[in-house]
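Coordinates as given in upload.cif (mmCIF, C-alpha atoms and all ligand atoms):
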data_entry
#
loop_
_atom_site.label_atom_id
_atom_site.label_comp_id
_atom_site.auth_asym_id
_atom_site.auth_seq_id
_atom_site.Cartn_x
_atom_site.Cartn_y
_atom_site.Cartn_z
CA MET A 231 114.19 118.63 106.73
CA THR A 232 111.50 116.58 104.98
CA GLU A 233 108.95 114.78 107.17
CA ARG A 234 106.99 111.85 105.84
CA VAL A 235 103.72 110.75 107.45
CA THR A 236 101.99 107.61 106.18
CA VAL A 237 98.20 107.46 106.16
CA HIS A 238 96.93 103.90 106.46
CA ALA A 239 93.75 104.22 104.39
CA ASP A 240 92.44 101.38 102.15
CA THR A 241 95.68 101.93 100.21
CA PRO A 242 98.45 103.56 102.31
CA TYR A 243 99.87 106.84 101.07
CA ASP A 244 102.49 109.33 102.16
CA VAL A 245 102.10 112.99 103.09
CA VAL A 246 105.49 114.70 102.71
CA ILE A 247 106.13 117.99 104.49
CA GLY A 248 109.14 120.23 103.88
CA ARG A 249 110.51 122.65 101.30
CA ASP A 250 111.23 122.19 97.59
CA LEU A 251 109.45 118.88 97.22
CA TYR A 252 108.57 118.79 93.49
CA GLY A 253 111.03 115.91 93.12
CA TRP A 254 108.53 113.64 94.89
CA LEU A 255 105.94 114.04 92.12
CA PRO A 256 107.03 111.32 89.65
CA ALA A 257 107.15 108.63 92.33
CA MET A 258 103.65 109.59 93.50
CA VAL A 259 102.18 109.82 89.99
CA GLY A 260 103.64 106.39 89.26
CA LYS A 261 102.95 104.45 86.07
CA ALA A 262 100.54 106.91 84.42
CA THR A 263 101.07 107.97 80.80
CA ARG A 264 98.95 111.15 80.93
CA VAL A 265 98.62 113.63 83.78
CA LEU A 266 96.00 116.37 84.10
CA ILE A 267 97.12 119.23 86.34
CA VAL A 268 94.07 120.94 87.86
CA VAL A 269 95.08 124.39 89.05
CA PRO A 270 93.33 127.72 89.67
CA ALA A 271 94.32 130.37 87.13
CA VAL A 272 95.74 132.51 89.97
CA LEU A 273 98.26 129.75 90.74
CA THR A 274 99.43 129.16 87.17
CA HIS A 275 103.07 129.59 88.25
CA TYR A 276 102.80 126.52 90.50
CA GLY A 277 100.96 124.60 87.76
CA THR A 278 103.77 125.44 85.33
CA ALA A 279 106.45 124.30 87.78
CA VAL A 280 104.62 121.01 88.39
CA ARG A 281 104.14 120.53 84.66
CA GLU A 282 107.85 121.06 83.94
CA VAL A 283 108.83 118.41 86.47
CA LEU A 284 106.30 115.89 85.12
CA THR A 285 107.07 116.59 81.46
CA GLY A 286 110.76 116.24 82.30
CA ALA A 287 109.98 112.86 83.87
CA GLY A 288 108.38 111.71 80.59
CA TYR A 289 104.64 112.18 81.25
CA GLU A 290 102.21 113.60 78.69
CA THR A 291 100.88 116.60 80.61
CA TYR A 292 97.73 118.71 80.29
CA VAL A 293 96.48 121.64 82.36
CA ALA A 294 92.89 122.47 83.36
CA GLU A 295 92.76 126.01 84.70
CA VAL A 296 89.84 126.47 87.06
CA PRO A 297 88.34 129.42 89.00
CA ASP A 298 89.67 130.35 92.42
CA ALA A 299 88.34 129.31 95.84
CA GLU A 300 84.82 127.87 96.28
CA ALA A 301 83.77 129.12 92.81
CA GLN A 302 85.55 126.07 91.34
CA LYS A 303 83.59 123.53 93.37
CA THR A 304 80.65 123.26 90.99
CA VAL A 305 79.38 120.55 88.71
CA HIS A 306 80.06 122.85 85.74
CA VAL A 307 83.76 123.12 86.54
CA ALA A 308 83.92 119.37 87.17
CA GLU A 309 82.26 118.83 83.77
CA PHE A 310 84.90 121.04 82.14
CA CYS A 311 87.64 118.87 83.72
CA TRP A 312 85.89 115.65 82.60
CA SER A 313 85.71 117.01 79.06
CA VAL A 314 89.47 117.71 79.08
CA LEU A 315 90.10 114.17 80.36
CA GLY A 316 87.85 112.75 77.63
CA GLN A 317 89.32 114.83 74.80
CA CYS A 318 92.87 113.97 75.85
CA GLY A 319 92.08 110.24 76.00
CA PHE A 320 92.67 109.66 79.73
CA THR A 321 92.46 105.99 80.67
CA ARG A 322 92.16 104.19 84.00
CA THR A 323 95.93 104.17 84.45
CA ASP A 324 96.34 107.93 84.00
CA ALA A 325 96.38 110.51 86.78
CA VAL A 326 95.24 113.91 88.06
CA VAL A 327 97.48 116.25 90.04
CA ALA A 328 95.51 118.90 91.96
CA VAL A 329 97.61 121.97 92.74
CA GLY A 330 96.01 124.50 95.08
CA GLY A 331 94.17 125.09 98.32
CA GLY A 332 91.44 122.97 99.83
CA ALA A 333 88.88 123.86 97.18
CA THR A 334 91.18 122.63 94.39
CA THR A 335 92.11 119.37 96.08
CA ASP A 336 88.39 118.78 96.82
CA LEU A 337 87.49 119.43 93.17
CA GLY A 338 90.51 117.69 91.60
CA GLY A 339 90.05 114.72 93.92
CA TRP A 340 86.40 114.39 92.98
CA VAL A 341 87.14 114.66 89.25
CA ALA A 342 89.70 111.86 89.68
CA ALA A 343 87.28 109.84 91.84
CA THR A 344 84.54 109.98 89.21
CA TRP A 345 86.48 109.66 85.94
CA LEU A 346 86.17 106.04 84.75
CA ARG A 347 85.05 105.24 88.34
CA GLY A 348 88.31 106.42 89.80
CA ILE A 349 91.83 107.25 88.67
CA ARG A 350 94.94 108.15 90.63
CA VAL A 351 95.20 111.61 92.20
CA VAL A 352 98.13 113.41 93.81
CA HIS A 353 97.54 116.57 95.83
CA VAL A 354 99.98 119.48 95.95
CA ALA A 355 98.62 121.68 98.76
CA THR A 356 99.48 125.36 98.47
CA THR A 357 97.74 126.75 101.58
CA VAL A 358 97.93 126.13 105.32
CA LEU A 359 94.36 124.84 105.24
CA GLY A 360 95.09 122.44 102.39
CA MET A 361 98.22 121.11 104.12
CA VAL A 362 96.74 120.53 107.55
CA ASP A 363 93.29 119.36 106.50
CA ALA A 364 91.70 119.32 103.06
CA ALA A 365 94.41 117.61 101.00
CA VAL A 366 95.32 115.02 103.58
CA GLY A 367 92.31 112.82 104.29
CA GLY A 368 90.89 111.65 100.95
CA LYS A 369 87.62 113.60 101.16
CA THR A 370 86.63 115.01 97.77
CA GLY A 371 83.58 116.93 96.65
CA ILE A 372 81.75 119.90 95.29
CA ASN A 373 79.04 122.23 96.60
CA THR A 374 75.45 122.45 95.40
CA SER A 375 72.99 125.33 95.65
CA LEU A 376 71.75 123.75 98.89
CA GLY A 377 75.03 123.53 100.74
CA LYS A 378 78.71 122.84 101.02
CA ASN A 379 80.33 119.50 100.10
CA LEU A 380 76.93 117.84 99.63
CA VAL A 381 78.18 115.81 96.64
CA GLY A 382 81.44 113.93 96.86
CA SER A 383 83.24 110.75 97.74
CA PHE A 384 86.14 109.34 99.71
CA HIS A 385 89.01 108.83 97.26
CA THR A 386 92.42 107.88 98.57
CA PRO A 387 95.18 110.02 97.06
CA ALA A 388 98.39 108.40 95.83
CA GLY A 389 100.36 111.01 97.74
CA VAL A 390 100.17 114.50 99.21
CA ILE A 391 102.86 117.17 98.98
CA CYS A 392 102.94 119.95 101.60
CA ASP A 393 105.72 122.22 100.36
CA THR A 394 105.93 124.97 102.93
CA SER A 395 107.94 127.22 100.58
CA MET A 396 104.57 127.78 98.85
CA LEU A 397 103.32 129.52 102.00
CA ASP A 398 105.93 132.29 101.64
CA THR A 399 103.62 134.06 99.19
CA LEU A 400 100.26 133.09 100.71
CA SER A 401 98.06 136.10 101.54
CA GLU A 402 97.80 137.01 105.22
CA ARG A 403 94.05 136.37 105.11
CA ASP A 404 94.52 132.83 103.79
CA TYR A 405 97.37 132.13 106.21
CA VAL A 406 95.18 133.17 109.15
CA ALA A 407 92.14 131.30 107.82
CA GLY A 408 94.23 128.11 107.68
CA LEU A 409 95.15 128.57 111.32
CA ALA A 410 91.53 127.85 112.25
CA GLU A 411 92.03 124.18 111.27
CA VAL A 412 95.32 124.13 113.19
CA ILE A 413 93.59 125.53 116.29
CA LYS A 414 90.75 123.04 115.77
CA THR A 415 93.28 120.19 115.78
CA GLY A 416 94.73 121.56 119.00
CA PHE A 417 91.35 121.62 120.70
CA ILE A 418 90.27 118.15 119.60
CA ALA A 419 93.51 116.22 119.94
CA ASP A 420 96.88 117.89 120.52
CA THR A 421 96.85 120.70 123.05
CA ARG A 422 100.59 121.30 122.52
CA ILE A 423 99.49 123.02 119.29
CA LEU A 424 97.56 125.57 121.36
CA GLU A 425 100.54 126.19 123.63
CA LEU A 426 102.89 126.62 120.66
CA ILE A 427 100.64 129.34 119.22
CA GLU A 428 100.15 131.04 122.58
CA GLU A 429 103.89 131.00 123.31
CA ALA A 430 104.90 132.24 119.84
CA LEU A 431 102.39 135.09 120.01
CA ALA A 432 103.50 136.09 123.49
CA GLU A 433 107.19 135.95 122.58
CA SER A 434 106.75 138.02 119.43
CA ASP A 435 104.63 140.71 121.06
CA PRO A 436 106.85 143.23 122.80
CA GLY A 437 103.86 144.51 124.77
CA VAL A 438 103.15 141.12 126.34
CA ALA A 439 105.44 139.42 128.85
CA SER A 440 106.14 135.82 127.94
CA ASP A 441 104.42 134.59 131.11
CA ALA A 442 101.22 136.28 129.97
CA VAL A 443 99.82 133.09 128.39
CA PRO A 444 97.03 132.10 128.28
CA LEU A 445 95.92 135.01 126.13
CA SER A 446 93.06 137.14 127.30
CA CYS A 447 89.73 137.34 125.52
CA ASP A 448 90.50 140.92 124.57
CA ASP A 449 93.62 139.99 122.63
CA ALA A 450 93.60 140.97 119.00
CA PRO A 451 96.51 140.71 116.58
CA ALA A 452 99.15 143.19 117.75
CA GLU A 453 99.81 146.18 115.52
CA GLY A 454 102.96 145.85 113.47
CA LEU A 455 104.30 142.41 112.71
CA PRO A 456 101.69 140.26 110.91
CA VAL A 457 100.53 137.06 112.58
CA SER A 458 102.19 135.00 109.84
CA ALA A 459 105.60 136.48 110.69
CA ARG A 460 105.01 135.93 114.40
CA LEU A 461 104.03 132.29 113.93
CA ASN A 462 106.46 131.34 111.16
CA PRO A 463 109.09 130.01 113.59
CA VAL A 464 106.60 127.41 114.85
CA LEU A 465 104.67 126.86 111.62
CA PRO A 466 106.56 123.72 110.49
CA GLU A 467 105.85 122.08 113.86
CA LEU A 468 102.21 123.23 113.75
CA ILE A 469 101.80 121.68 110.29
CA GLN A 470 103.57 118.45 111.24
CA ARG A 471 101.51 118.03 114.40
CA SER A 472 98.25 118.78 112.58
CA VAL A 473 99.08 116.34 109.77
CA ALA A 474 100.06 113.69 112.31
CA VAL A 475 96.69 114.02 114.07
CA LYS A 476 94.79 113.96 110.81
CA ALA A 477 96.75 110.96 109.52
CA ALA A 478 96.10 109.01 112.73
CA VAL A 479 92.37 109.77 112.69
CA VAL A 480 91.98 109.01 108.99
CA SER A 481 93.99 105.77 109.33
CA GLU A 482 91.54 104.63 112.02
CA ASP A 483 88.31 105.78 110.35
CA PHE A 484 88.76 106.66 106.67
CA THR A 485 85.06 106.78 105.79
CA GLU A 486 83.92 108.66 108.91
CA GLN A 487 81.98 106.00 110.73
CA GLY A 488 83.25 107.17 114.12
CA SER A 489 86.21 109.22 115.36
CA ARG A 490 86.75 111.07 112.06
CA GLU A 491 83.64 113.08 112.87
CA PHE A 492 85.70 114.86 115.52
CA LEU A 493 87.64 116.56 112.71
CA ASN A 494 84.40 118.41 111.99
CA TYR A 495 84.62 120.39 115.24
CA GLY A 496 83.26 123.88 114.50
CA HIS A 497 82.08 122.82 111.05
CA THR A 498 78.31 122.38 111.60
CA LEU A 499 77.70 126.08 112.15
CA GLY A 500 80.79 126.94 110.07
CA HIS A 501 79.46 125.32 106.88
CA ALA A 502 76.08 127.00 107.42
CA ILE A 503 77.77 130.41 107.74
CA GLU A 504 79.83 129.82 104.60
CA HIS A 505 76.71 128.88 102.68
CA HIS A 506 74.69 131.78 104.09
CA GLU A 507 77.49 134.22 103.27
CA ASP A 508 77.59 132.93 99.70
CA PHE A 509 81.15 131.68 100.24
CA GLN A 510 82.49 135.21 100.69
CA TRP A 511 83.94 134.11 104.05
CA ARG A 512 86.99 131.86 104.06
CA HIS A 513 86.26 128.34 105.34
CA GLY A 514 88.60 128.86 108.31
CA GLU A 515 86.91 132.11 109.28
CA ALA A 516 83.54 130.37 109.46
CA VAL A 517 85.04 127.40 111.34
CA ALA A 518 86.50 129.80 113.94
CA VAL A 519 83.03 131.19 114.69
CA GLY A 520 81.71 127.61 114.64
CA MET A 521 84.29 126.55 117.25
CA VAL A 522 83.37 129.43 119.58
CA PHE A 523 79.70 128.49 119.14
CA ALA A 524 80.39 124.80 119.83
CA ALA A 525 82.38 125.74 122.94
CA GLU A 526 79.56 127.98 124.18
CA LEU A 527 77.03 125.23 123.45
CA ALA A 528 79.03 122.71 125.47
CA GLN A 529 79.21 125.20 128.32
CA VAL A 530 75.47 125.86 128.15
CA ALA A 531 74.97 122.07 128.25
CA GLY A 532 77.10 121.89 131.41
CA MET A 533 79.81 119.83 129.70
CA LEU A 534 82.68 122.33 129.40
CA ASP A 535 84.45 124.72 131.72
CA ALA A 536 84.17 128.42 130.88
CA SER A 537 87.97 128.69 130.78
CA VAL A 538 88.08 126.54 127.61
CA VAL A 539 85.46 128.77 125.97
CA ALA A 540 87.56 131.81 126.88
CA ARG A 541 90.71 130.13 125.54
CA THR A 542 88.95 129.37 122.24
CA ARG A 543 87.86 132.99 121.86
CA ALA A 544 91.25 134.33 122.92
CA LEU A 545 93.24 132.16 120.51
CA CYS A 546 90.98 132.87 117.56
CA SER A 547 90.94 136.63 118.16
CA ALA A 548 94.68 136.79 118.81
CA VAL A 549 95.44 135.37 115.36
CA GLY A 550 92.79 137.58 113.73
CA LEU A 551 89.99 135.08 113.20
CA PRO A 552 86.37 136.17 113.74
CA THR A 553 84.57 134.98 116.88
CA THR A 554 81.14 136.57 116.40
CA TYR A 555 78.37 136.43 113.83
CA ASP A 556 75.64 138.96 113.24
CA GLY A 557 73.21 136.84 111.16
CA ALA A 558 69.88 135.44 112.33
CA TRP A 559 69.69 131.94 113.83
CA GLU A 560 66.74 131.03 111.56
CA ASP A 561 68.87 131.69 108.47
CA LEU A 562 71.39 129.04 109.48
CA GLN A 563 69.05 126.33 110.69
CA ASP A 564 68.11 124.90 107.28
CA ALA A 565 71.73 124.59 106.23
CA MET A 566 72.58 122.85 109.51
CA GLN A 567 69.75 120.37 108.98
CA ARG A 568 71.53 119.31 105.78
CA ASP A 569 74.86 118.91 107.58
CA LYS A 570 76.30 115.43 107.13
CA LYS A 571 76.36 114.86 110.90
CA THR A 572 72.60 115.43 111.21
CA ARG A 573 70.60 112.20 111.67
CA GLY A 574 66.88 112.40 110.80
CA HIS A 575 65.77 115.72 112.26
CA MET A 576 68.28 115.60 115.10
CA LEU A 577 71.15 118.07 114.94
CA ARG A 578 74.46 116.66 116.20
CA PHE A 579 77.44 118.74 117.19
CA ILE A 580 81.01 117.86 117.96
CA VAL A 581 81.77 119.49 121.31
CA LEU A 582 84.51 119.30 123.94
CA THR A 583 84.43 118.15 127.54
CA ALA A 584 87.94 119.60 127.96
CA ALA A 585 90.72 120.79 125.64
CA GLY A 586 91.79 117.69 123.71
CA GLU A 587 88.63 115.72 124.67
CA PRO A 588 85.99 115.77 121.90
CA THR A 589 82.60 114.08 122.04
CA ARG A 590 79.19 114.31 120.36
CA LEU A 591 76.20 116.32 121.55
CA GLU A 592 73.01 114.94 120.02
CA GLY A 593 69.73 116.82 119.77
CA PRO A 594 70.47 119.87 121.95
CA SER A 595 67.28 121.78 122.79
CA GLU A 596 66.27 124.86 120.83
CA ASP A 597 66.77 126.93 124.01
CA MET A 598 70.35 125.73 124.38
CA LEU A 599 71.11 126.42 120.74
CA ARG A 600 69.64 129.91 120.91
CA GLU A 601 71.51 130.70 124.13
CA ALA A 602 74.83 129.61 122.60
CA PHE A 603 74.06 131.59 119.44
CA ALA A 604 73.18 134.69 121.50
CA ARG A 605 76.64 134.44 123.10
CA ILE A 606 78.36 134.70 119.70
CA ALA A 607 76.15 137.55 118.48
CA ALA A 608 78.21 140.46 117.21
N1 LIG B 1 87.84 118.06 107.23
C1 LIG B 1 87.36 116.99 107.98
C2 LIG B 1 87.79 115.65 107.50
O1 LIG B 1 88.65 115.55 106.65
O2 LIG B 1 87.27 114.66 107.95
#
What is this structure when it is put down as structure tokens?
Amino acid sequence: MTERVTVHADTPYDVVIGRDLYGWLPAMVGKATRVLIVVPAVLTHYGTAVREVLTGAGYETYVAEVPDAEAQKTVHVAEFCWSVLGQCGFTRTDAVVAVGGGATTDLGGWVAATWLRGIRVVHVATTVLGMVDAAVGGKTGINTSLGKNLVGSFHTPAGVICDTSMLDTLSERDYVAGLAEVIKTGFIADTRILELIEEALAESDPGVASDAVPLSCDDAPAEGLPVSARLNPVLPELIQRSVAVKAAVVSEDFTEQGSREFLNYGHTLGHAIEHHEDFQWRHGEAVAVGMVFAAELAQVAGMLDASVVARTRALCSAVGLPTTYDGAWEDLQDAMQRDKKTRGHMLRFIVLTAAGEPTRLEGPSEDMLREAFARIAA
């Protein structure tokens, strides 16, 4: 079954979720003459499939193959894409189709946002993370040597395709990393997401009785069946619920003046870890540690019950996400100062007062920060 969620941004657009959705591409690309498909070289097979559909629909198609993961989010790769657009004569009515995970939709979206001050972009998300977060909300950007996503813009896509058949071949590491954004959505807005994961893990683990939820802090992925196989029965619902939350938040606050900030739960420390680890960690892995830190911080600040901290740790560990970090606090502070939520010199964190109840914590003391960080030390 195909689900369609409309995002009411400055121009409304649809996110379609289901299987075998290439047929939606021509309607989303619309009246363009030329289409540039931006795709990492490792996903050429998807780029080729998208190209065949668009060529068959009468578009002049071009392909820009880019590096994988965060390595593509540089000004040099963007410049390469601009040069292809220029050499192929792309005009204001032409389009970009970004095919890939969150890094590709960030890059492809930003290339489209900046070419001739903005041309149409369609995102084809190929990872869990792209489907539930990066491709959906119109944020685009690249990294600089000083930090993640420091250069970018809001650029409304013309449509987003979340074809879950593409997840059949996703690596286990990427599948699990994407779950961090799903869990994040559960904690900030839709706690049914948390229950669905807890129930599916309990039901698929022969060693755990189904009434054993909530998971314990000691839970780690059970030996045997991979987490992806154990969660696949509920994955379509997890994706639909996450997209629905994201679409509602983005419809209310496209340019992040208010409630959209809540989508950054776990990201302040998470982005700093990614940067400090030279992007060798997956985004979701760093966000998982960031969520445990934010939960600990809220508890240290007297805002959050310890049971929610334990649930955060238990869920992340049970799906195989990291919950500890062995770096030094000082190494992460500079990167956090450059976080987009920081105001002046005051660090701001998204924290919870309960599962499903996010709020902001402004200017926590150094003692509180260090105490929370000590609690996530490896
Ligand atoms: N990933 C957070 C947002 O889209 O606002």
Selection within 6 Å of ligand LIG 1 (chain B) by only C-alpha atoms and all ligand atoms, output as a PyMOL selection string: chain A and resi 363-364+367+369+490+493-494
Residue selection dump (C-alpha atoms) as a PDB file, in the frame of the given file:
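The resulting file, again.pdb, is shown below:
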ATOM      1  CA  ASP A 363      93.290 119.360 106.500  1.00  0.00           C
ATOM      2  CA  ALA A 364      91.700 119.320 103.060  1.00  0.00           C
ATOM      3  CA  GLY A 367      92.310 112.820 104.290  1.00  0.00           C
ATOM      4  CA  LYS A 369      87.620 113.600 101.160  1.00  0.00           C
ATOM      5  CA  ARG A 490      86.750 111.070 112.060  1.00  0.00           C
ATOM      6  CA  LEU A 493      87.640 116.560 112.710  1.00  0.00           C
ATOM      7  CA  ASN A 494      84.400 118.410 111.990  1.00  0.00           C
TER       8      ASN A 494
END
Distance query 8 Å from (65.9, 117.6, 117.4) using only C-alpha atoms, result as a list in words: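 Applying the cut-off with only C-alpha atoms, one gets His575, Met576, Leu577, Gly593, Pro594 and Ser595 of chain A.
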Those selected residues, please, written with C-alpha atoms and delivered as an mmCIF file, keeping the file's coordinate frame.
data_model
loop_
_atom_site.group_PDB
_atom_site.id
_atom_site.type_symbol
_atom_site.label_atom_id
_atom_site.label_comp_id
_atom_site.auth_asym_id
_atom_site.auth_seq_id
_atom_site.Cartn_x
_atom_site.Cartn_y
_atom_site.Cartn_z
ATOM 1 C CA HIS A 575 65.770 115.720 112.260
ATOM 2 C CA MET A 576 68.280 115.600 115.100
ATOM 3 C CA LEU A 577 71.150 118.070 114.940
ATOM 4 C CA GLY A 593 69.730 116.820 119.770
ATOM 5 C CA PRO A 594 70.470 119.870 121.950
ATOM 6 C CA SER A 595 67.280 121.780 122.790
#
Counting all atoms listed in the file, what are the residues of region 258-301 of chain A within 9 Å of region 388-394 of chain A, and for each of them which pair of atoms is the nearest and at what distance in Å, to one decimal? Sort the table by chain and rising number, as JSON lines.
{"residue": "A:Met258", "atom": "CA", "partner": "A:Gly389", "partner_atom": "CA", "distance": 5.6}
{"residue": "A:Val259", "atom": "CA", "partner": "A:Ala388", "partner_atom": "CA", "distance": 7.1}
{"residue": "A:Gly260", "atom": "CA", "partner": "A:Ala388", "partner_atom": "CA", "distance": 8.6}
Long-range neighbours of Val475 (chain A) as a PyMOL selection string, 12 Å cut-off, all atoms listed in the file, 4 positions minimum in chain: chain A and resi 235-237+362-363+366-367+411-412+414-423+468-471+479-482+489-490+492-493+586
Region 465-552 of chain A residues near region 331-340 of chain A within 12 Å, closest pair each, using only C-alpha atoms, as a tab-separated table:
residue	atom	partner	partner_atom	distance
A:Phe509	CA	A:Ala333	CA	11.4
A:Arg512	CA	A:Ala333	CA	10.7
A:His513	CA	A:Gly332	CA	9.3
A:Gly514	CA	A:Gly332	CA	10.7
Of the listed residues A:Phe484, A:Gln317, A:Glu402, A:Gly248, that which approaches Ala355 (chain A) most closely, counting all atoms listed in the file: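 With all atoms listed in the file as the atom set, the closest residue is A:Gly248.
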Hey, can I get the axis-aligned box for region 285-303 of chain A? All listed atoms, 4 Å padding on each side, centre and edge lengths in Å to one decimal, as lines of an AutoDock Vina configuration file.
center_x = 97.2
center_y = 121.0
center_z = 87.5
size_x = 35.2
size_y = 26.6
size_z = 25.6
